[in-house]
>>> print(open('start_25.txt').read())   # compact mmCIF, C-alpha atoms
# COMPACT_ATOMS: atom_id res chain seq x y z
CA MET A 1 44.19 29.21 -50.32
CA ALA A 2 44.00 25.81 -48.67
CA THR A 3 40.72 24.16 -47.72
CA ARG A 4 40.86 23.96 -43.92
CA TRP A 5 39.52 20.66 -42.58
CA GLY A 6 38.25 19.71 -39.15
CA LEU A 7 37.92 16.05 -38.20
CA CYS A 8 35.01 14.85 -36.08
CA GLY A 9 36.26 11.58 -34.67
CA ALA A 10 39.74 10.21 -34.03
CA GLY A 11 39.16 6.63 -35.13
CA LYS A 12 40.40 4.41 -37.93
CA ILE A 13 38.66 6.11 -40.84
CA SER A 14 39.77 9.57 -39.68
CA HIS A 15 43.34 8.23 -39.57
CA ASP A 16 43.08 6.98 -43.15
CA PHE A 17 41.45 10.23 -44.28
CA SER A 18 44.34 12.19 -42.76
CA VAL A 19 46.89 9.99 -44.52
CA ALA A 20 45.01 10.41 -47.81
CA LEU A 21 44.96 14.21 -47.48
CA ARG A 22 48.73 14.21 -47.23
CA THR A 23 48.92 12.77 -50.76
CA LEU A 24 47.40 16.06 -51.98
CA PRO A 25 49.23 19.41 -52.24
CA PRO A 26 49.51 21.06 -48.77
CA GLN A 27 48.63 24.40 -50.34
CA ASP A 28 45.23 22.87 -51.24
CA HIS A 29 44.32 20.85 -48.13
CA GLN A 30 45.17 21.34 -44.44
CA ILE A 31 43.77 19.62 -41.34
CA ARG A 32 43.46 22.34 -38.73
CA ALA A 33 41.71 20.49 -35.88
CA VAL A 34 40.49 17.12 -34.64
CA ALA A 35 37.74 16.51 -32.10
CA SER A 36 36.93 13.46 -30.00
CA ARG A 37 34.84 12.91 -26.91
CA SER A 38 38.16 12.04 -25.29
CA LEU A 39 40.59 14.97 -25.21
CA GLU A 40 43.50 12.59 -24.66
CA ARG A 41 42.56 10.60 -27.74
CA ALA A 42 42.23 13.78 -29.81
CA GLN A 43 45.63 14.99 -28.58
CA ASP A 44 47.29 11.66 -29.43
CA PHE A 45 45.72 11.77 -32.89
CA ALA A 46 46.79 15.38 -33.44
CA LYS A 47 50.35 14.60 -32.43
CA ARG A 48 50.55 11.64 -34.79
CA HIS A 49 49.21 13.62 -37.73
CA GLY A 50 50.74 17.02 -37.03
CA ILE A 51 47.40 18.76 -36.42
CA LEU A 52 47.38 22.12 -34.67
CA GLU A 53 44.23 21.89 -32.52
CA ALA A 54 42.78 18.98 -30.50
CA TYR A 55 39.36 19.25 -28.90
CA GLY A 56 37.65 17.09 -26.29
CA SER A 57 34.16 17.88 -27.61
CA TYR A 58 32.46 18.23 -30.97
CA GLU A 59 30.99 21.57 -29.87
CA GLU A 60 34.48 23.10 -29.69
CA LEU A 61 35.14 22.03 -33.27
CA ALA A 62 31.77 23.46 -34.37
CA ASN A 63 32.76 26.81 -32.85
CA ASP A 64 36.24 26.95 -34.41
CA PRO A 65 36.20 29.86 -36.91
CA ASN A 66 39.26 28.52 -38.75
CA ILE A 67 37.48 25.46 -40.19
CA ASP A 68 36.04 25.47 -43.71
CA VAL A 69 34.60 21.94 -43.74
CA VAL A 70 34.14 19.16 -41.19
CA TYR A 71 34.71 15.50 -42.01
CA VAL A 72 32.36 13.41 -39.84
CA GLY A 73 34.03 10.05 -39.27
CA VAL A 74 32.26 8.75 -36.16
CA LEU A 75 29.97 5.70 -35.80
CA HIS A 76 27.01 6.05 -38.13
CA THR A 77 24.61 5.98 -35.18
CA GLU A 78 26.08 9.43 -34.39
CA HIS A 79 26.00 10.91 -37.90
CA TRP A 80 22.60 12.57 -37.49
CA ARG A 81 23.42 14.26 -34.19
CA ALA A 82 26.93 15.33 -35.16
CA GLY A 83 25.88 16.39 -38.64
CA LEU A 84 23.13 18.63 -37.31
CA LEU A 85 25.54 20.18 -34.81
CA PHE A 86 28.00 21.25 -37.51
CA LEU A 87 25.42 22.24 -40.12
CA ASN A 88 23.53 24.41 -37.64
CA ALA A 89 26.85 26.01 -36.68
CA GLY A 90 27.24 27.07 -40.32
CA LYS A 91 29.92 24.51 -41.19
CA ASN A 92 30.23 22.70 -44.51
CA VAL A 93 30.09 18.93 -43.92
CA LEU A 94 31.41 15.76 -45.54
CA CYS A 95 29.70 12.94 -43.61
CA GLU A 96 30.79 9.32 -43.81
CA LYS A 97 28.43 6.74 -45.25
CA PRO A 98 25.83 5.67 -44.40
CA PHE A 99 24.60 9.26 -44.16
CA ALA A 100 22.37 8.37 -41.19
CA MET A 101 20.34 5.49 -39.79
CA ASN A 102 17.21 6.07 -41.88
CA SER A 103 15.73 8.38 -44.49
CA GLY A 104 14.07 10.61 -41.89
CA GLN A 105 17.45 11.44 -40.38
CA VAL A 106 18.95 11.99 -43.83
CA LYS A 107 16.20 14.44 -44.73
CA ASP A 108 16.90 16.29 -41.47
CA LEU A 109 20.54 16.71 -42.51
CA VAL A 110 19.60 17.87 -46.00
CA ASN A 111 17.06 20.36 -44.63
CA ALA A 112 19.61 21.72 -42.16
CA ALA A 113 22.19 22.20 -44.91
CA ARG A 114 19.71 24.06 -47.09
CA THR A 115 18.42 26.19 -44.21
CA ASN A 116 21.96 27.20 -43.24
CA LYS A 117 23.09 27.52 -46.88
CA VAL A 118 26.12 25.28 -46.42
CA PHE A 119 27.66 22.42 -48.40
CA LEU A 120 26.75 18.84 -47.52
CA MET A 121 27.87 15.55 -49.06
CA GLU A 122 27.61 11.90 -48.09
CA ALA A 123 31.14 10.51 -48.21
CA VAL A 124 30.49 7.77 -50.75
CA TRP A 125 34.12 7.97 -51.80
CA SER A 126 33.59 5.43 -54.58
CA ARG A 127 31.82 8.03 -56.72
CA CYS A 128 34.98 10.15 -56.86
CA PHE A 129 37.41 7.38 -57.91
CA PRO A 130 38.84 7.74 -61.43
CA THR A 131 37.38 4.31 -62.24
CA TYR A 132 33.87 5.48 -61.35
CA VAL A 133 34.36 8.73 -63.26
CA GLU A 134 35.38 6.69 -66.31
CA VAL A 135 32.35 4.40 -65.93
CA GLY A 136 30.10 7.45 -65.91
CA ARG A 137 31.77 8.81 -69.04
CA ARG A 138 31.41 5.50 -70.89
CA LEU A 139 27.73 5.25 -69.95
CA ARG A 140 27.02 8.81 -71.12
CA GLU A 141 28.72 8.03 -74.42
CA GLY A 142 26.58 4.91 -74.86
CA ALA A 143 29.59 2.59 -75.04
CA LEU A 144 27.50 -0.34 -73.79
CA GLY A 145 24.38 0.41 -75.79
CA GLU A 146 21.32 0.09 -73.57
CA VAL A 147 22.20 -1.14 -70.09
CA LYS A 148 20.12 -4.23 -69.27
CA LEU A 149 21.60 -5.73 -66.10
CA VAL A 150 23.81 -4.57 -63.23
CA LYS A 151 25.31 -6.97 -60.67
CA ALA A 152 27.32 -6.10 -57.56
CA TYR A 153 28.82 -8.21 -54.79
CA PHE A 154 30.44 -7.24 -51.50
CA GLY A 155 31.27 -9.75 -48.80
CA SER A 156 33.70 -9.18 -45.94
CA PRO A 157 34.03 -11.54 -42.94
CA GLN A 158 33.67 -9.26 -39.92
CA LEU A 159 31.51 -11.11 -37.40
CA ASP A 160 34.23 -10.47 -34.82
CA ILE A 161 33.85 -6.67 -35.06
CA PRO A 162 31.36 -5.24 -32.53
CA ARG A 163 30.25 -2.30 -34.66
CA SER A 164 29.38 -4.75 -37.45
CA VAL A 165 27.18 -7.07 -35.41
CA GLU A 166 25.66 -5.09 -32.53
CA ARG A 167 22.30 -3.46 -33.15
CA GLU A 168 22.91 -0.54 -30.79
CA LEU A 169 26.01 0.31 -32.86
CA GLY A 170 24.06 0.24 -36.13
CA GLY A 171 25.49 -3.11 -37.21
CA GLY A 172 24.61 -5.27 -40.16
CA ALA A 173 25.82 -5.85 -43.71
CA LEU A 174 23.45 -3.36 -45.35
CA LEU A 175 24.51 -0.12 -43.68
CA ASP A 176 28.20 -1.01 -43.60
CA ILE A 177 28.92 -2.52 -47.01
CA GLY A 178 25.65 -3.12 -48.85
CA VAL A 179 25.37 0.63 -49.28
CA TYR A 180 28.26 0.44 -51.75
CA CYS A 181 26.43 -2.02 -54.00
CA LEU A 182 23.25 0.04 -53.94
CA GLN A 183 24.92 3.39 -54.63
CA PHE A 184 26.69 1.84 -57.61
CA ILE A 185 23.40 0.62 -59.06
CA LEU A 186 21.82 4.04 -58.56
CA MET A 187 24.80 5.70 -60.25
CA VAL A 188 24.47 3.42 -63.30
CA PHE A 189 20.73 4.18 -63.55
CA ASP A 190 21.37 7.91 -63.04
CA GLY A 191 19.49 8.24 -59.74
CA GLU A 192 16.30 6.66 -61.07
CA ARG A 193 13.90 5.23 -58.48
CA PRO A 194 13.42 1.48 -59.08
CA GLU A 195 9.96 0.23 -59.93
CA SER A 196 10.33 -2.57 -57.38
CA VAL A 197 12.71 -3.73 -54.66
CA HIS A 198 12.71 -7.33 -53.43
CA ALA A 199 15.06 -8.34 -50.61
CA THR A 200 15.64 -11.45 -48.59
CA GLY A 201 18.27 -12.16 -45.99
CA VAL A 202 19.33 -13.87 -42.80
CA LEU A 203 19.78 -12.17 -39.44
CA LEU A 204 22.24 -12.59 -36.61
CA ASP A 205 20.94 -13.26 -33.10
CA SER A 206 21.50 -9.55 -32.40
CA GLY A 207 18.79 -8.71 -34.93
CA VAL A 208 20.98 -7.21 -37.65
CA ASP A 209 21.43 -8.57 -41.16
CA GLU A 210 24.27 -11.00 -41.83
CA SER A 211 23.69 -11.65 -45.54
CA VAL A 212 21.21 -10.10 -47.97
CA VAL A 213 20.23 -10.54 -51.63
CA VAL A 214 18.41 -7.69 -53.38
CA VAL A 215 16.71 -7.65 -56.78
CA MET A 216 15.55 -4.37 -58.28
CA LYS A 217 13.56 -3.72 -61.42
CA PHE A 218 13.88 -0.42 -63.28
CA SER A 219 11.95 1.08 -66.17
CA ARG A 220 12.40 -0.25 -69.72
CA LYS A 221 12.88 -3.84 -68.50
CA ARG A 222 16.21 -3.20 -66.81
CA MET A 223 17.33 -5.18 -63.77
CA ALA A 224 19.88 -5.02 -60.97
CA THR A 225 20.95 -7.57 -58.37
CA CYS A 226 23.32 -7.33 -55.44
CA THR A 227 24.52 -9.61 -52.68
CA PHE A 228 26.33 -8.51 -49.54
CA SER A 229 27.46 -10.30 -46.41
CA ILE A 230 29.50 -9.77 -43.25
CA ALA A 231 29.91 -13.55 -42.86
CA VAL A 232 31.83 -14.54 -45.99
CA ARG A 233 34.08 -13.08 -48.66
CA LEU A 234 32.39 -12.63 -52.04
CA PRO A 235 33.83 -11.78 -55.50
CA ASN A 236 33.50 -8.09 -54.51
CA ASP A 237 33.26 -6.90 -58.09
CA ALA A 238 30.53 -5.20 -60.10
CA VAL A 239 29.44 -5.75 -63.70
CA ILE A 240 27.31 -3.63 -66.02
CA THR A 241 25.99 -5.48 -69.06
CA GLY A 242 24.43 -3.72 -72.02
CA THR A 243 23.33 -4.52 -75.56
CA LYS A 244 26.80 -3.61 -76.92
CA GLY A 245 29.16 -4.83 -74.22
CA SER A 246 30.08 -4.79 -70.54
CA ILE A 247 32.06 -2.98 -67.88
CA GLN A 248 33.60 -4.70 -64.87
CA LEU A 249 34.78 -2.87 -61.79
CA CYS A 250 37.36 -5.29 -60.44
CA ARG A 251 37.74 -6.18 -56.78
CA PRO A 252 37.31 -4.22 -54.58
CA MET A 253 34.28 -2.69 -56.31
CA HIS A 254 33.89 0.12 -53.78
CA CYS A 255 37.44 1.46 -54.30
CA PRO A 256 38.72 -0.13 -57.52
CA THR A 257 41.95 0.64 -59.33
CA ARG A 258 41.24 -1.63 -62.31
CA LEU A 259 38.48 -1.35 -64.89
CA VAL A 260 37.63 -3.75 -67.73
CA VAL A 261 35.62 -2.24 -70.60
CA ASN A 262 34.70 -4.73 -73.33
CA ASP A 263 37.70 -6.88 -72.34
CA LYS A 264 40.15 -3.95 -72.37
CA VAL A 265 41.88 -3.44 -69.01
CA SER A 266 42.76 0.01 -67.61
CA GLU A 267 44.75 0.61 -64.41
CA TYR A 268 44.43 3.60 -62.06
CA PRO A 269 47.14 3.24 -59.39
CA LEU A 270 46.90 5.00 -56.04
CA PRO A 271 49.66 6.98 -54.31
CA GLU A 272 51.54 5.27 -51.51
CA PRO A 273 50.59 6.19 -47.90
CA ASP A 274 53.11 7.65 -45.46
CA LEU A 275 51.59 5.64 -42.58
CA PRO A 276 49.94 2.20 -42.44
CA LEU A 277 46.25 2.23 -43.39
CA ASN A 278 43.30 0.56 -41.70
CA PHE A 279 41.22 -0.05 -44.82
CA THR A 280 41.87 -1.16 -48.40
CA ASN A 281 42.99 1.54 -50.87
CA SER A 282 42.30 4.31 -48.36
CA THR A 283 44.59 6.81 -50.03
CA GLY A 284 41.70 6.97 -52.49
CA LEU A 285 39.87 9.10 -49.92
CA ARG A 286 41.90 11.90 -51.52
CA TYR A 287 39.44 11.94 -54.42
CA GLU A 288 36.39 12.82 -52.34
CA ALA A 289 38.41 15.44 -50.44
CA GLU A 290 39.39 17.09 -53.71
CA GLU A 291 35.78 16.87 -54.91
CA VAL A 292 34.69 18.79 -51.81
CA ARG A 293 37.37 21.43 -52.40
CA GLN A 294 36.32 21.93 -56.02
CA CYS A 295 32.66 22.21 -55.04
CA LEU A 296 33.48 24.82 -52.39
CA LEU A 297 35.61 26.81 -54.83
CA GLN A 298 32.67 26.84 -57.26
CA GLY A 299 30.21 27.86 -54.54
CA LEU A 300 28.22 24.63 -54.82
CA LYS A 301 26.11 23.38 -51.90
CA GLU A 302 26.20 19.73 -52.97
CA SER A 303 28.33 17.48 -55.15
CA PRO A 304 27.19 16.51 -58.66
CA ARG A 305 28.99 13.20 -58.14
CA MET A 306 26.95 12.31 -55.05
CA PRO A 307 23.87 14.57 -55.12
CA LEU A 308 21.72 14.85 -52.01
CA ALA A 309 18.79 13.42 -53.98
CA ASP A 310 20.85 10.25 -54.51
CA SER A 311 21.55 10.04 -50.77
CA ILE A 312 17.86 10.38 -49.94
CA LEU A 313 16.83 7.74 -52.48
CA LEU A 314 19.66 5.43 -51.38
CA THR A 315 18.50 5.58 -47.76
CA GLU A 316 14.84 5.13 -48.69
CA ILE A 317 15.79 1.94 -50.55
CA MET A 318 17.80 0.77 -47.54
CA ASP A 319 14.78 1.48 -45.31
CA GLU A 320 12.67 -0.73 -47.58
CA ILE A 321 15.28 -3.51 -47.59
CA ARG A 322 15.45 -3.45 -43.78
CA LYS A 323 11.66 -3.59 -43.62
CA GLN A 324 11.54 -6.66 -45.85
CA VAL A 325 14.42 -8.42 -44.11
CA GLY A 326 13.24 -7.50 -40.59
CA VAL A 327 15.95 -5.20 -39.22
CA VAL A 328 14.74 -2.47 -36.85
CA PHE A 329 16.88 0.11 -35.09
CA SER A 330 15.92 2.27 -32.13
CA GLN A 331 16.32 5.33 -34.38
CA ASP A 332 13.35 4.12 -36.45
CA SER A 333 10.98 5.06 -33.63
CA GLN A 334 12.65 8.43 -33.10
CA LYS A 335 10.72 11.42 -34.42
CA CYS A 336 12.76 13.34 -36.97
CA SER A 337 12.11 17.00 -37.63
CA SER A 338 11.41 16.14 -41.27
CA GLU A 339 8.42 14.12 -40.07
CA THR A 340 6.93 16.73 -37.73
>>> encode(input="start_25.txt", output="structure tokens")
Amino acid sequence: MATRWGLCGAGKISHDFSVALRTLPPQDHQIRAVASRSLERAQDFAKRHGILEAYGSYEELANDPNIDVVYVGVLHTEHWRAGLLFLNAGKNVLCEKPFAMNSGQVKDLVNAARTNKVFLMEAVWSRCFPTYVEVGRRLREGALGEVKLVKAYFGSPQLDIPRSVERELGGGALLDIGVYCLQFILMVFDGERPESVHATGVLLDSGVDESVVVVMKFSRKRMATCTFSIAVRLPNDAVITGTKGSIQLCRPMHCPTRLVVNDKVSEYPLPEPDLPLNFTNSTGLRYEAEEVRQCLLQGLKESPRMPLADSILLTEIMDEIRKQVGVVFSQDSQKCSSET
């Protein structure tokens, strides 16, 4: 029986997610409905992607009994509110990264999922890529010896994009692209909390971060560094160095199709899309969709590839980075239920 998807949001990422799902067997994945705050926009989206139902409110999607899991692809300032709506309606949820605006909101989502006994996953699609799966396997086998240093870079010029630069839209390099560097480091160190986090950066006039450098120290004298920017293009790769060798995730490190392990190159090509995509390698969204399906078939309430504990720790680290760099959002003064 197919996993029946509902889409919350009819924007660019929902378009790419829909295209990616069509690279998977239709007997396994079906999009049954799309919801937008604009009914006309939802209807246009549904027509383009051959979706049966189009709703002009998220509440209608939450009440649709024919939906197994909702993909939340709206602005991240809305993730907390939309996520709680679907979770409290008893829906399984795959929510785009960043999970929410701060760790308080993330803990609210996690608590709601556990209270309602439903599946919840932060859509860090990178974790489900074959390249990332292979990195995890090599690390478990000890192919690099003891990991000593991890480096990650992600820079993408996007100062002309409002959602990237405006504070009320949750802008800044950290929440948009820095999250990819940080999740990679946490994956390499198996979800371990760093002993220290030191961050410095420069802000735009709007008060959000333009470029940030982060240094983290882990137990057993292990280090990680990352640099991310929405002003310039960076190498956009990631390197793990150990006592017996290295692994490089080639550009783009958040959705790579090439892996170099001790100088040996492996390729993991993606299927071709049937419509133009908005973002690089977006047919790779198929991997996280299939991960959700497999988790649901096994009765799991979270993904072992992106556990909820990793999402909480990831957001707590981002909270600390924002504190050190000086980025404050209105949501930071909002009282979350996890704090009451």
>>> closest_residue(input="start_25.txt", among="A:Val327, A:Asn111, A:Phe189, A:Phe17", to="Val208 of chain A", atoms="only C-alpha atoms")
A:Val327
>>> atom_distance(input="start_25.txt", atom1="atom CA of Ser38 of chain A", atom2="atom CA of Ala62 of chain A")
15.9 Å
>>> closest_residue(input="start_25.txt", among="A:Ala42, A:Met1, A:Cys181, A:Val215", to="Gln27 of chain A", atoms="all atoms listed in the file")
A:Met1
>>> atom_distance(input="start_25.txt", atom1="atom CA of Gln248 of chain A", atom2="atom CA of Gln183 of chain A")
15.7 Å
>>> atom_distance(input="start_25.txt", atom1="atom CA of Thr315 of chain A", atom2="atom CA of Ser103 of chain A")
5.1 Å
>>> residues_around(input="start_25.txt", residues="Ser196 of chain A", least_positions_apart="3", cutoff="10 Å", atoms="only C-alpha atoms", output="PyMOL selection string")
chain A and resi 193+215-219+223+317
>>> residues_around(input="start_25.txt", residues="Val72 of chain A", least_positions_apart="6", cutoff="12 Å", atoms="all atoms listed in the file", output="number ranges by chain")
A: 5-11, 13-14, 17, 34-36, 58, 61-62, 78-87, 91-100, 120-123
>>> closest_residue(input="start_25.txt", among="A:Arg167, A:Glu195, A:Ala113, A:Val135", to="Ala238 of chain A", atoms="all atoms listed in the file")
A:Val135
>>> closest_residue(input="start_25.txt", among="A:Val106, A:Met318, A:Ala152, A:Ala89", to="Asp176 of chain A", atoms="all atoms listed in the file")
A:Met318
>>> residues_around(input="start_25.txt", residues="Gly145 of chain A", least_positions_apart="5", cutoff="10 Å", atoms="only C-alpha atoms", output="PyMOL selection string")
chain A and resi 138-140+241-246
>>> residues_around(input="start_25.txt", residues="Lys151 of chain A", least_positions_apart="4", cutoff="7 Å", atoms="all atoms listed in the file", output="PDB file with C-alpha atoms, in the coordinates of the input")
ATOM      1  CA  ALA A 224      19.880  -5.020 -60.970  1.00  0.00           C
ATOM      2  CA  THR A 225      20.950  -7.570 -58.370  1.00  0.00           C
ATOM      3  CA  CYS A 226      23.320  -7.330 -55.440  1.00  0.00           C
ATOM      4  CA  ALA A 238      30.530  -5.200 -60.100  1.00  0.00           C
ATOM      5  CA  VAL A 239      29.440  -5.750 -63.700  1.00  0.00           C
ATOM      6  CA  ILE A 240      27.310  -3.630 -66.020  1.00  0.00           C
TER       7      ILE A 240
END
>>> closest_residue(input="start_25.txt", among="A:Ala309, A:Arg322, A:Lys264, A:Ala231", to="Asp160 of chain A", atoms="only C-alpha atoms")
A:Ala231
>>> closest_residue(input="start_25.txt", among="A:Val110, A:Ile51, A:Arg220, A:Phe228", to="Lys301 of chain A", atoms="all atoms listed in the file")
A:Val110
>>> decode(input="start_25.txt", residues="segment 292-306 of chain A", atoms="N, CA and C atoms", output="CSV table (one decimal), in the first residue's frame")
chain,number,residue,atom,x,y,z
A,292,VAL,N,11.2,7.9,5.4
A,292,VAL,CA,9.9,8.0,6.2
A,292,VAL,C,9.0,6.8,6.0
A,293,ARG,N,8.9,6.4,4.7
A,293,ARG,CA,8.0,5.2,4.4
A,293,ARG,C,8.5,4.0,5.2
A,294,GLN,N,9.8,3.7,5.2
A,294,GLN,CA,10.3,2.6,5.8
A,294,GLN,C,10.1,2.6,7.3
A,295,CYS,N,10.3,3.8,7.9
A,295,CYS,CA,10.0,4.0,9.3
A,295,CYS,C,8.6,3.7,9.7
A,296,LEU,N,7.7,4.2,8.9
A,296,LEU,CA,6.2,4.0,9.1
A,296,LEU,C,5.9,2.5,9.0
A,297,LEU,N,6.5,1.9,8.0
A,297,LEU,CA,6.2,0.4,7.8
A,297,LEU,C,6.7,-0.4,9.0
A,298,GLN,N,7.7,0.1,9.7
A,298,GLN,CA,8.3,-0.6,10.8
A,298,GLN,C,7.7,-0.1,12.1
A,299,GLY,N,6.7,0.8,12.1
A,299,GLY,CA,6.1,1.3,13.3
A,299,GLY,C,7.0,2.2,14.1
A,300,LEU,N,8.0,2.8,13.5
A,300,LEU,CA,8.9,3.7,14.3
A,300,LEU,C,8.3,5.1,14.4
A,301,LYS,N,8.6,5.8,15.5
A,301,LYS,CA,8.1,7.2,15.7
A,301,LYS,C,9.2,8.2,15.4
A,302,GLU,N,10.4,7.8,15.1
A,302,GLU,CA,11.4,8.7,14.6
A,302,GLU,C,12.4,7.9,13.8
A,303,SER,N,13.2,8.7,13.0
A,303,SER,CA,14.2,8.1,12.1
A,303,SER,C,15.5,7.8,12.8
A,304,PRO,N,16.1,6.6,12.7
A,304,PRO,CA,17.5,6.4,13.2
A,304,PRO,C,18.5,7.2,12.4
A,305,ARG,N,18.2,7.7,11.2
A,305,ARG,CA,19.1,8.5,10.5
A,305,ARG,C,19.2,10.0,10.9
A,306,MET,N,18.0,10.5,11.4
A,306,MET,CA,18.0,11.8,11.9
A,306,MET,C,17.1,11.8,13.2
